[in-house]
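One file, my_file35.pdb, carrying PDB, C-alpha atoms:
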```pdb
ATOM      1  CA  MET A   1      43.130 -14.599 -14.669
ATOM      2  CA  LYS A   2      41.177 -11.390 -15.045
ATOM      3  CA  ASN A   3      38.371 -13.234 -16.867
ATOM      4  CA  ILE A   4      38.186 -15.870 -14.153
ATOM      5  CA  PHE A   5      37.908 -13.146 -11.497
ATOM      6  CA  ILE A   6      35.042 -11.473 -13.395
ATOM      7  CA  ALA A   7      33.281 -14.820 -13.797
ATOM      8  CA  ILE A   8      33.506 -15.458 -10.039
ATOM      9  CA  LEU A   9      32.139 -11.965  -9.369
ATOM     10  CA  MET A  10      29.212 -12.543 -11.709
ATOM     11  CA  MET A  11      28.445 -15.850 -10.035
ATOM     12  CA  GLY A  12      28.423 -14.048  -6.711
ATOM     13  CA  PHE A  13      26.004 -11.430  -7.961
ATOM     14  CA  GLY A  14      23.784 -14.114  -9.426
ATOM     15  CA  PHE A  15      23.657 -15.932  -6.107
ATOM     16  CA  THR A  16      22.816 -12.700  -4.298
ATOM     17  CA  ASN A  17      19.946 -11.936  -6.679
ATOM     18  CA  ALA A  18      18.595 -15.449  -6.298
ATOM     19  CA  GLN A  19      18.176 -14.835  -2.578
ATOM     20  CA  ASN A  20      16.135 -11.663  -3.094
ATOM     21  CA  PHE A  21      12.785 -13.315  -2.378
ATOM     22  CA  LYS A  22       9.653 -11.204  -2.692
ATOM     23  CA  ALA A  23       6.799 -11.720  -0.237
ATOM     24  CA  TYR A  24       4.311  -9.399  -1.949
ATOM     25  CA  GLN A  25       3.893  -6.649  -4.526
ATOM     26  CA  PHE A  26       1.091  -4.125  -4.994
ATOM     27  CA  TYR A  27       0.065  -2.828  -8.423
ATOM     28  CA  ASP A  28      -2.389  -0.126  -9.420
ATOM     29  CA  GLN A  29      -5.163  -0.747 -11.935
ATOM     30  CA  LYS A  30      -2.876   0.144 -14.836
ATOM     31  CA  GLY A  31      -0.290  -2.442 -13.850
ATOM     32  CA  LYS A  32       2.220  -0.043 -12.297
ATOM     33  CA  GLU A  33       4.014  -1.055  -9.105
ATOM     34  CA  ILE A  34       2.942   0.961  -6.082
ATOM     35  CA  ASP A  35       4.799   1.023  -2.776
ATOM     36  CA  THR A  36       2.971   0.880   0.536
ATOM     37  CA  ASP A  37       3.628   4.536   1.459
ATOM     38  CA  LYS A  38       1.942   5.739  -1.712
ATOM     39  CA  LEU A  39      -0.783   3.113  -1.338
ATOM     40  CA  VAL A  40      -1.666   4.341   2.155
ATOM     41  CA  LYS A  41      -1.663   7.953   0.979
ATOM     42  CA  GLU A  42      -4.111   7.118  -1.809
ATOM     43  CA  LEU A  43      -6.322   4.855   0.304
ATOM     44  CA  ALA A  44      -6.784   7.614   2.884
ATOM     45  CA  ASN A  45      -8.916   9.490   0.350
ATOM     46  CA  TYR A  46     -11.598   6.795   0.094
ATOM     47  CA  ASP A  47     -14.853   6.412   2.018
ATOM     48  CA  VAL A  48     -14.787   2.617   1.863
ATOM     49  CA  ILE A  49     -11.912   0.191   1.281
ATOM     50  CA  PHE A  50     -12.536  -3.457   0.504
ATOM     51  CA  PHE A  51      -9.447  -5.451   1.407
ATOM     52  CA  GLY A  52      -9.891  -8.797  -0.328
ATOM     53  CA  GLU A  53      -8.140 -11.828   1.058
ATOM     54  CA  ASN A  54      -7.361 -15.469   0.569
ATOM     55  CA  HIS A  55      -8.592 -16.674   3.934
ATOM     56  CA  ASN A  56      -5.553 -18.881   4.609
ATOM     57  CA  SER A  57      -2.781 -16.521   3.452
ATOM     58  CA  SER A  58      -0.454 -15.412   6.232
ATOM     59  CA  ILE A  59       1.036 -12.500   4.270
ATOM     60  CA  ASN A  60      -2.452 -11.329   3.270
ATOM     61  CA  HIS A  61      -3.508 -11.060   6.916
ATOM     62  CA  TRP A  62      -0.248  -9.426   7.970
ATOM     63  CA  LEU A  63      -0.671  -6.768   5.286
ATOM     64  CA  GLN A  64      -4.256  -6.136   6.380
ATOM     65  CA  LEU A  65      -2.982  -5.350   9.861
ATOM     66  CA  LYS A  66      -0.029  -3.230   8.746
ATOM     67  CA  LEU A  67      -2.063  -1.160   6.283
ATOM     68  CA  THR A  68      -4.776  -0.683   8.904
ATOM     69  CA  GLU A  69      -2.180   0.579  11.383
ATOM     70  CA  ALA A  70      -0.740   2.911   8.747
ATOM     71  CA  LEU A  71      -4.177   4.240   7.753
ATOM     72  CA  TYR A  72      -4.994   4.839  11.415
ATOM     73  CA  GLU A  73      -1.944   7.093  11.643
ATOM     74  CA  LYS A  74      -2.600   8.756   8.292
ATOM     75  CA  LYS A  75      -6.248   9.474   9.131
ATOM     76  CA  ASN A  76      -5.565  10.516  12.736
ATOM     77  CA  GLY A  77      -7.641   7.637  14.011
ATOM     78  CA  LYS A  78     -10.622   8.333  11.756
ATOM     79  CA  ILE A  79     -11.261   4.794  10.570
ATOM     80  CA  THR A  80     -13.936   2.160  11.168
ATOM     81  CA  LEU A  81     -13.288  -1.550  10.764
ATOM     82  CA  GLY A  82     -15.648  -4.288   9.651
ATOM     83  CA  ALA A  83     -15.397  -7.859   8.449
ATOM     84  CA  GLU A  84     -17.170 -10.694   6.706
ATOM     85  CA  MET A  85     -15.866 -13.027   9.410
ATOM     86  CA  PHE A  86     -18.284 -11.676  12.035
ATOM     87  CA  GLU A  87     -22.051 -12.108  11.776
ATOM     88  CA  ARG A  88     -24.563  -9.413  12.670
ATOM     89  CA  ASP A  89     -26.145 -11.282  15.560
ATOM     90  CA  ASN A  90     -22.719 -11.484  17.240
ATOM     91  CA  GLN A  91     -22.215  -7.698  17.298
ATOM     92  CA  GLU A  92     -23.075  -7.447  20.986
ATOM     93  CA  GLN A  93     -20.498 -10.089  21.922
ATOM     94  CA  LEU A  94     -17.892  -8.346  19.774
ATOM     95  CA  ASN A  95     -18.703  -4.995  21.385
ATOM     96  CA  ASN A  96     -18.362  -6.547  24.846
ATOM     97  CA  TYR A  97     -14.879  -7.737  23.944
ATOM     98  CA  LEU A  98     -13.887  -4.373  22.489
ATOM     99  CA  SER A  99     -15.054  -2.591  25.651
ATOM    100  CA  GLY A 100     -13.246  -5.023  27.957
ATOM    101  CA  LYS A 101     -16.388  -6.687  29.375
ATOM    102  CA  PHE A 102     -15.437  -9.995  27.714
ATOM    103  CA  ASP A 103     -12.054 -11.669  27.713
ATOM    104  CA  THR A 104     -10.824 -13.755  24.783
ATOM    105  CA  LYS A 105     -12.278 -17.004  26.127
ATOM    106  CA  THR A 106     -15.711 -15.501  26.747
ATOM    107  CA  LEU A 107     -15.804 -14.094  23.224
ATOM    108  CA  LYS A 108     -14.797 -17.472  21.823
ATOM    109  CA  ASP A 109     -17.478 -19.245  23.854
ATOM    110  CA  SER A 110     -20.263 -16.815  22.990
ATOM    111  CA  ALA A 111     -19.635 -15.875  19.337
ATOM    112  CA  ARG A 112     -19.253 -17.941  16.178
ATOM    113  CA  LEU A 113     -15.599 -17.260  15.453
ATOM    114  CA  TRP A 114     -13.800 -18.705  12.452
ATOM    115  CA  ASN A 115     -11.310 -21.483  13.143
ATOM    116  CA  ASN A 116      -8.421 -19.197  12.131
ATOM    117  CA  TYR A 117      -9.599 -16.303  14.291
ATOM    118  CA  ALA A 118      -6.685 -16.469  16.744
ATOM    119  CA  THR A 119      -3.978 -16.231  14.081
ATOM    120  CA  ASP A 120      -5.647 -14.130  11.388
ATOM    121  CA  TYR A 121      -8.369 -11.847  12.795
ATOM    122  CA  LYS A 122      -7.665 -11.417  16.497
ATOM    123  CA  PRO A 123      -4.764  -9.015  15.759
ATOM    124  CA  LEU A 124      -7.188  -6.720  13.883
ATOM    125  CA  VAL A 125      -9.825  -6.936  16.605
ATOM    126  CA  ASP A 126      -7.214  -6.282  19.293
ATOM    127  CA  PHE A 127      -5.970  -3.265  17.346
ATOM    128  CA  ALA A 128      -9.524  -1.910  17.300
ATOM    129  CA  LYS A 129      -9.825  -2.612  21.017
ATOM    130  CA  ASP A 130      -6.536  -0.880  21.815
ATOM    131  CA  LYS A 131      -7.415   2.194  19.733
ATOM    132  CA  LYS A 132     -11.090   2.231  20.781
ATOM    133  CA  LEU A 133     -12.317   1.838  17.211
ATOM    134  CA  ASN A 134     -15.665   0.500  16.081
ATOM    135  CA  PHE A 135     -15.474  -2.977  14.576
ATOM    136  CA  ILE A 136     -18.632  -3.940  12.718
ATOM    137  CA  ALA A 137     -19.894  -7.501  12.340
ATOM    138  CA  THR A 138     -21.195  -7.120   8.785
ATOM    139  CA  ASN A 139     -22.211 -10.572   7.580
ATOM    140  CA  ILE A 140     -25.531 -12.410   7.564
ATOM    141  CA  PRO A 141     -25.788 -15.206  10.146
ATOM    142  CA  ARG A 142     -24.735 -18.292   8.232
ATOM    143  CA  ARG A 143     -27.929 -20.183   9.085
ATOM    144  CA  TYR A 144     -29.965 -17.767   6.958
ATOM    145  CA  ALA A 145     -27.591 -18.011   4.006
ATOM    146  CA  SER A 146     -27.775 -21.798   4.315
ATOM    147  CA  GLN A 147     -31.572 -21.614   4.468
ATOM    148  CA  THR A 148     -31.585 -19.559   1.274
ATOM    149  CA  ALA A 149     -29.373 -22.090  -0.513
ATOM    150  CA  LYS A 150     -31.762 -24.888   0.427
ATOM    151  CA  GLU A 151     -35.191 -23.250   0.316
ATOM    152  CA  GLY A 152     -34.758 -20.124  -1.787
ATOM    153  CA  LEU A 153     -34.803 -16.394  -1.154
ATOM    154  CA  GLU A 154     -38.543 -16.317  -0.493
ATOM    155  CA  SER A 155     -38.074 -18.449   2.629
ATOM    156  CA  LEU A 156     -36.544 -15.439   4.389
ATOM    157  CA  ASN A 157     -39.973 -13.789   4.403
ATOM    158  CA  LYS A 158     -40.994 -16.274   7.100
ATOM    159  CA  LEU A 159     -38.377 -15.005   9.562
ATOM    160  CA  THR A 160     -39.469 -13.088  12.640
ATOM    161  CA  ALA A 161     -39.053  -9.314  12.805
ATOM    162  CA  LYS A 162     -36.075  -9.801  15.143
ATOM    163  CA  GLU A 163     -34.416 -12.271  12.798
ATOM    164  CA  LYS A 164     -34.880  -9.933   9.846
ATOM    165  CA  THR A 165     -32.776  -7.282  11.592
ATOM    166  CA  TYR A 166     -29.759  -9.537  11.017
ATOM    167  CA  ILE A 167     -30.140  -9.547   7.227
ATOM    168  CA  ALA A 168     -30.397  -6.926   4.497
ATOM    169  CA  GLN A 169     -33.823  -5.411   4.001
ATOM    170  CA  LEU A 170     -36.078  -7.655   1.959
ATOM    171  CA  PRO A 171     -36.576  -8.124  -0.920
ATOM    172  CA  ILE A 172     -32.938  -8.631  -1.865
ATOM    173  CA  LYS A 173     -32.287  -8.075  -5.549
ATOM    174  CA  VAL A 174     -30.511 -10.997  -7.199
ATOM    175  CA  THR A 175     -29.285 -10.611 -10.754
ATOM    176  CA  LEU A 176     -26.656 -12.152 -12.992
ATOM    177  CA  ASP A 177     -25.649  -8.573 -13.842
ATOM    178  CA  THR A 178     -23.613  -8.660 -10.622
ATOM    179  CA  PRO A 179     -19.949  -9.316 -11.494
ATOM    180  CA  GLY A 180     -18.916 -12.757 -10.323
ATOM    181  CA  TYR A 181     -22.391 -14.289 -10.258
ATOM    182  CA  PRO A 182     -22.328 -15.563 -13.866
ATOM    183  CA  GLU A 183     -19.020 -17.225 -12.938
ATOM    184  CA  MET A 184     -20.755 -18.968 -10.029
ATOM    185  CA  LYS A 185     -23.480 -20.181 -12.377
ATOM    186  CA  LYS A 186     -20.868 -21.519 -14.774
ATOM    187  CA  MET A 187     -19.011 -23.278 -11.947
ATOM    188  CA  MET A 188     -22.146 -25.253 -11.094
ATOM    189  CA  GLY A 189     -22.254 -26.651 -14.619
ATOM    190  CA  ASP A 190     -24.801 -26.851 -17.396
ATOM    191  CA  HIS A 191     -26.550 -29.847 -15.873
ATOM    192  CA  ALA A 192     -27.394 -28.230 -12.532
ATOM    193  CA  GLU A 193     -31.083 -27.480 -11.983
ATOM    194  CA  GLY A 194     -32.065 -23.865 -12.571
ATOM    195  CA  THR A 195     -33.719 -23.448  -9.164
ATOM    196  CA  LYS A 196     -30.757 -25.001  -7.363
ATOM    197  CA  VAL A 197     -28.332 -22.694  -9.190
ATOM    198  CA  MET A 198     -30.317 -19.559  -8.387
ATOM    199  CA  ASN A 199     -30.736 -20.585  -4.749
ATOM    200  CA  PHE A 200     -26.967 -20.978  -4.489
ATOM    201  CA  ILE A 201     -26.378 -17.580  -6.091
ATOM    202  CA  SER A 202     -29.111 -16.051  -3.916
ATOM    203  CA  ALA A 203     -27.346 -17.336  -0.796
ATOM    204  CA  GLN A 204     -24.214 -15.502  -1.942
ATOM    205  CA  ALA A 205     -26.333 -12.422  -2.613
ATOM    206  CA  THR A 206     -27.740 -12.455   0.926
ATOM    207  CA  LYS A 207     -24.177 -12.240   2.235
ATOM    208  CA  ASP A 208     -23.128  -9.490  -0.183
ATOM    209  CA  ALA A 209     -26.289  -7.420   0.313
ATOM    210  CA  THR A 210     -26.159  -7.757   4.111
ATOM    211  CA  MET A 211     -22.504  -6.734   4.268
ATOM    212  CA  ALA A 212     -23.267  -3.784   1.978
ATOM    213  CA  GLU A 213     -26.143  -2.645   4.186
ATOM    214  CA  SER A 214     -23.999  -3.070   7.329
ATOM    215  CA  ILE A 215     -21.298  -0.851   5.848
ATOM    216  CA  LEU A 216     -23.779   1.791   4.703
ATOM    217  CA  LYS A 217     -25.397   1.904   8.153
ATOM    218  CA  ASN A 218     -22.043   2.486   9.844
ATOM    219  CA  ILE A 219     -20.339   4.958   7.519
ATOM    220  CA  GLN A 220     -19.437   8.235   9.199
ATOM    221  CA  SER A 221     -18.458  11.435   7.460
ATOM    222  CA  GLY A 222     -14.697  11.943   7.369
ATOM    223  CA  LYS A 223     -13.966   8.348   8.370
ATOM    224  CA  THR A 224     -12.703   5.569   6.138
ATOM    225  CA  PHE A 225     -14.477   2.235   6.546
ATOM    226  CA  ILE A 226     -12.036  -0.664   6.019
ATOM    227  CA  HIS A 227     -13.791  -3.934   5.239
ATOM    228  CA  TYR A 228     -12.008  -7.291   5.289
ATOM    229  CA  ASN A 229     -13.611  -9.927   3.105
ATOM    230  CA  GLY A 230     -12.878 -12.926   0.966
ATOM    231  CA  ASN A 231     -11.590 -11.845  -2.414
ATOM    232  CA  TYR A 232     -14.719 -13.140  -4.130
ATOM    233  CA  HIS A 233     -16.957 -10.622  -2.326
ATOM    234  CA  SER A 234     -15.357  -7.635  -4.071
ATOM    235  CA  LYS A 235     -13.359  -8.960  -7.055
ATOM    236  CA  GLU A 236     -14.083  -7.307 -10.383
ATOM    237  CA  PHE A 237     -16.074  -4.649  -8.444
ATOM    238  CA  GLY A 238     -18.811  -7.182  -7.798
ATOM    239  CA  GLY A 239     -20.409  -8.641  -4.700
ATOM    240  CA  THR A 240     -20.614  -6.304  -1.733
ATOM    241  CA  TYR A 241     -19.077  -3.441  -3.726
ATOM    242  CA  TRP A 242     -21.800  -3.804  -6.371
ATOM    243  CA  TYR A 243     -24.612  -3.744  -3.794
ATOM    244  CA  ILE A 244     -23.293  -0.574  -2.192
ATOM    245  CA  LYS A 245     -22.956   1.031  -5.607
ATOM    246  CA  GLN A 246     -26.665   0.393  -6.260
ATOM    247  CA  LYS A 247     -27.618   2.219  -3.048
ATOM    248  CA  ASN A 248     -25.050   5.022  -3.002
ATOM    249  CA  PRO A 249     -23.170   5.526  -6.284
ATOM    250  CA  ASN A 250     -21.494   8.674  -4.961
ATOM    251  CA  LEU A 251     -19.388   6.943  -2.335
ATOM    252  CA  LYS A 252     -15.691   6.800  -3.149
ATOM    253  CA  MET A 253     -14.755   3.145  -2.820
ATOM    254  CA  ALA A 254     -11.528   1.239  -3.439
ATOM    255  CA  VAL A 255     -11.046  -2.482  -3.934
ATOM    256  CA  ILE A 256      -7.832  -4.301  -3.101
ATOM    257  CA  SER A 257      -7.871  -7.653  -4.882
ATOM    258  CA  VAL A 258      -5.436 -10.478  -4.270
ATOM    259  CA  PHE A 259      -3.822 -12.832  -6.781
ATOM    260  CA  GLU A 260      -1.305 -15.635  -6.403
ATOM    261  CA  SER A 261       1.697 -15.929  -8.708
ATOM    262  CA  GLU A 262       4.296 -18.568  -9.458
ATOM    263  CA  ASN A 263       6.622 -15.840 -10.766
ATOM    264  CA  PRO A 264       9.380 -15.116  -8.199
ATOM    265  CA  GLU A 265       9.353 -11.448  -9.254
ATOM    266  CA  LEU A 266       5.594 -11.329  -8.601
ATOM    267  CA  LYS A 267       4.776  -9.765 -11.930
ATOM    268  CA  VAL A 268       1.148  -9.173 -12.892
ATOM    269  CA  PRO A 269      -0.299 -12.580 -13.893
ATOM    270  CA  GLU A 270      -0.815 -13.083 -17.607
ATOM    271  CA  LYS A 271      -3.936 -15.216 -17.184
ATOM    272  CA  GLU A 272      -7.138 -14.816 -15.172
ATOM    273  CA  TYR A 273      -6.131 -11.346 -14.067
ATOM    274  CA  ILE A 274      -8.870  -8.724 -13.921
ATOM    275  CA  PRO A 275      -7.431  -5.825 -11.898
ATOM    276  CA  THR A 276      -9.358  -3.578  -9.541
ATOM    277  CA  ASP A 277      -8.127  -0.294  -8.018
ATOM    278  CA  PHE A 278      -5.204  -1.931  -6.236
ATOM    279  CA  ASN A 279      -3.936  -5.457  -6.691
ATOM    280  CA  LEU A 280      -1.899  -7.521  -4.287
ATOM    281  CA  ILE A 281       0.278 -10.229  -5.834
ATOM    282  CA  ILE A 282       1.557 -12.880  -3.432
ATOM    283  CA  PRO A 283       3.630 -16.043  -3.930
ATOM    284  CA  ALA A 284       1.554 -19.131  -4.625
ATOM    285  CA  ASP A 285       3.678 -21.042  -2.098
ATOM    286  CA  MET A 286       3.314 -18.447   0.681
ATOM    287  CA  THR A 287       2.758 -20.032   4.106
ATOM    288  CA  LYS A 288      -0.905 -20.941   4.685
ATOM    289  CA  THR A 289      -2.517 -20.612   8.111
ATOM    290  CA  PHE A 290      -4.725 -23.656   7.524
TER
END
```
Go ahead and render the structure in this file as structure tokens.
Amino acid sequence: MKNIFIAILMMGFGFTNAQNFKAYQFYDQKGKEIDTDKLVKELANYDVIFFGENHNSSINHWLQLKLTEALYEKKNGKITLGAEMFERDNQEQLNNYLSGKFDTKTLKDSARLWNNYATDYKPLVDFAKDKKLNFIATNIPRRYASQTAKEGLESLNKLTAKEKTYIAQLPIKVTLDTPGYPEMKKMMGDHAEGTKVMNFISAQATKDATMAESILKNIQSGKTFIHYNGNYHSKEFGGTYWYIKQKNPNLKMAVISVFESENPELKVPEKEYIPTDFNLIIPADMTKTF
């Protein structure tokens, strides 16, 4: 009877543990779990934070908002926000919304907002509006990145002086020494034409270099600049991070990279895992916003 009772108890405990679902887990670069309180405390010491994301991950976006709110409190409001999802030539429209001159509909009608803006980025923009924070549109207008992919980097020299203010200062250095770019080359395959491959990589470089320049132009002493971008733009300390490092190697910068895991305990993945400063592990089946 005693053994049966113990068996029932053990079954109960097993059922309880099975219901302990994890939505996310942060790790440091050495693979040690780090809770959000400690994470915020450490992040507050950086000049620039790159918060990588999977664009359609609901938990990723929620954590961006919560960590931003926590850093605002920790830094006594001394933060600046910026994002890949807003292009430089839409800064005026974004500023008009932040100042209350535009309502949501007017911003939507006048700026090129991503399709998932309402669910994933509006909460961050509204936080900036409520706290009177600067929110920087860091990215190159997509038409110029598309032009580069089709016609090459040199085609940007033909832009007007006004148009050139929306992109990083020319010439933009493009090299396969940038982490992530050799991977892009490999993805295009051995049979892709050399010019086509480099144009594609150059288009990515125009985005990374422009976002880097936008961040550098808007850094303020004592403030932490939080930048939200697709994971690819800062993974392995490449992309936008790399371009900033070329211009100002003394800045203290942190990268938060994101990885999906099938493991219910959200352990560090065994494959294709190259950690950065902080690493967010999320369930592969987490709810997607699109």
Non-local contacts of Leu107 in chain A (10 Å; only C-alpha atoms; under 3 positions in same chain excluded) as a PDB file with C-alpha atoms, keeping the file's coordinate frame:
```
ATOM      1  CA  ASN A  90     -22.719 -11.484  17.240  1.00  0.00           C
ATOM      2  CA  GLN A  93     -20.498 -10.089  21.922  1.00  0.00           C
ATOM      3  CA  LEU A  94     -17.892  -8.346  19.774  1.00  0.00           C
ATOM      4  CA  ASN A  95     -18.703  -4.995  21.385  1.00  0.00           C
ATOM      5  CA  ASN A  96     -18.362  -6.547  24.846  1.00  0.00           C
ATOM      6  CA  TYR A  97     -14.879  -7.737  23.944  1.00  0.00           C
ATOM      7  CA  LEU A  98     -13.887  -4.373  22.489  1.00  0.00           C
ATOM      8  CA  LYS A 101     -16.388  -6.687  29.375  1.00  0.00           C
ATOM      9  CA  PHE A 102     -15.437  -9.995  27.714  1.00  0.00           C
ATOM     10  CA  ASP A 103     -12.054 -11.669  27.713  1.00  0.00           C
ATOM     11  CA  THR A 104     -10.824 -13.755  24.783  1.00  0.00           C
ATOM     12  CA  SER A 110     -20.263 -16.815  22.990  1.00  0.00           C
ATOM     13  CA  ALA A 111     -19.635 -15.875  19.337  1.00  0.00           C
ATOM     14  CA  ARG A 112     -19.253 -17.941  16.178  1.00  0.00           C
ATOM     15  CA  LEU A 113     -15.599 -17.260  15.453  1.00  0.00           C
TER      16      LEU A 113
END
```
Can you list, as an mmCIF file with C-alpha atoms, in the frame of the given file, the residues that the PyMOL selection byres ((chain A and resi 128-142) around 8) selects here?
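part22.cif, freshly written:
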```cif
data_model
loop_
_atom_site.group_PDB
_atom_site.id
_atom_site.type_symbol
_atom_site.label_atom_id
_atom_site.label_comp_id
_atom_site.auth_asym_id
_atom_site.auth_seq_id
_atom_site.Cartn_x
_atom_site.Cartn_y
_atom_site.Cartn_z
ATOM 1 C CA GLY A 77 -7.641 7.637 14.011
ATOM 2 C CA ILE A 79 -11.261 4.794 10.570
ATOM 3 C CA THR A 80 -13.936 2.160 11.168
ATOM 4 C CA LEU A 81 -13.288 -1.550 10.764
ATOM 5 C CA GLY A 82 -15.648 -4.288 9.651
ATOM 6 C CA ALA A 83 -15.397 -7.859 8.449
ATOM 7 C CA GLU A 84 -17.170 -10.694 6.706
ATOM 8 C CA MET A 85 -15.866 -13.027 9.410
ATOM 9 C CA PHE A 86 -18.284 -11.676 12.035
ATOM 10 C CA GLU A 87 -22.051 -12.108 11.776
ATOM 11 C CA ARG A 88 -24.563 -9.413 12.670
ATOM 12 C CA ASP A 89 -26.145 -11.282 15.560
ATOM 13 C CA ASN A 90 -22.719 -11.484 17.240
ATOM 14 C CA GLN A 91 -22.215 -7.698 17.298
ATOM 15 C CA LEU A 94 -17.892 -8.346 19.774
ATOM 16 C CA ASN A 95 -18.703 -4.995 21.385
ATOM 17 C CA TYR A 97 -14.879 -7.737 23.944
ATOM 18 C CA LEU A 98 -13.887 -4.373 22.489
ATOM 19 C CA SER A 99 -15.054 -2.591 25.651
ATOM 20 C CA LEU A 124 -7.188 -6.720 13.883
ATOM 21 C CA VAL A 125 -9.825 -6.936 16.605
ATOM 22 C CA ASP A 126 -7.214 -6.282 19.293
ATOM 23 C CA PHE A 127 -5.970 -3.265 17.346
ATOM 24 C CA ARG A 143 -27.929 -20.183 9.085
ATOM 25 C CA TYR A 144 -29.965 -17.767 6.958
ATOM 26 C CA ALA A 145 -27.591 -18.011 4.006
ATOM 27 C CA SER A 146 -27.775 -21.798 4.315
ATOM 28 C CA TYR A 166 -29.759 -9.537 11.017
ATOM 29 C CA ILE A 167 -30.140 -9.547 7.227
ATOM 30 C CA ALA A 168 -30.397 -6.926 4.497
ATOM 31 C CA THR A 206 -27.740 -12.455 0.926
ATOM 32 C CA LYS A 207 -24.177 -12.240 2.235
ATOM 33 C CA ASP A 208 -23.128 -9.490 -0.183
ATOM 34 C CA THR A 210 -26.159 -7.757 4.111
ATOM 35 C CA MET A 211 -22.504 -6.734 4.268
ATOM 36 C CA ALA A 212 -23.267 -3.784 1.978
ATOM 37 C CA SER A 214 -23.999 -3.070 7.329
ATOM 38 C CA ILE A 215 -21.298 -0.851 5.848
ATOM 39 C CA ASN A 218 -22.043 2.486 9.844
#
```
**OP:** Report the residues retrieved by the PyMOL selection byres ((chain A and resi 267) around 12) from the displayed file, expressed as a ChimeraX atom specification.
**Re:** /A:22,24-27,31-33,259-266,268-271,273,279-283
Original post:
How many Å separate CA of Phe237 in chain A from CA of Thr276 in chain A?
Top reply: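 That distance, rounded to one decimal, is 6.9 Å.
If you look at CA of Lys38 in chain A and CA of Lys252 in chain A, they are 17.7 Å away from each other.
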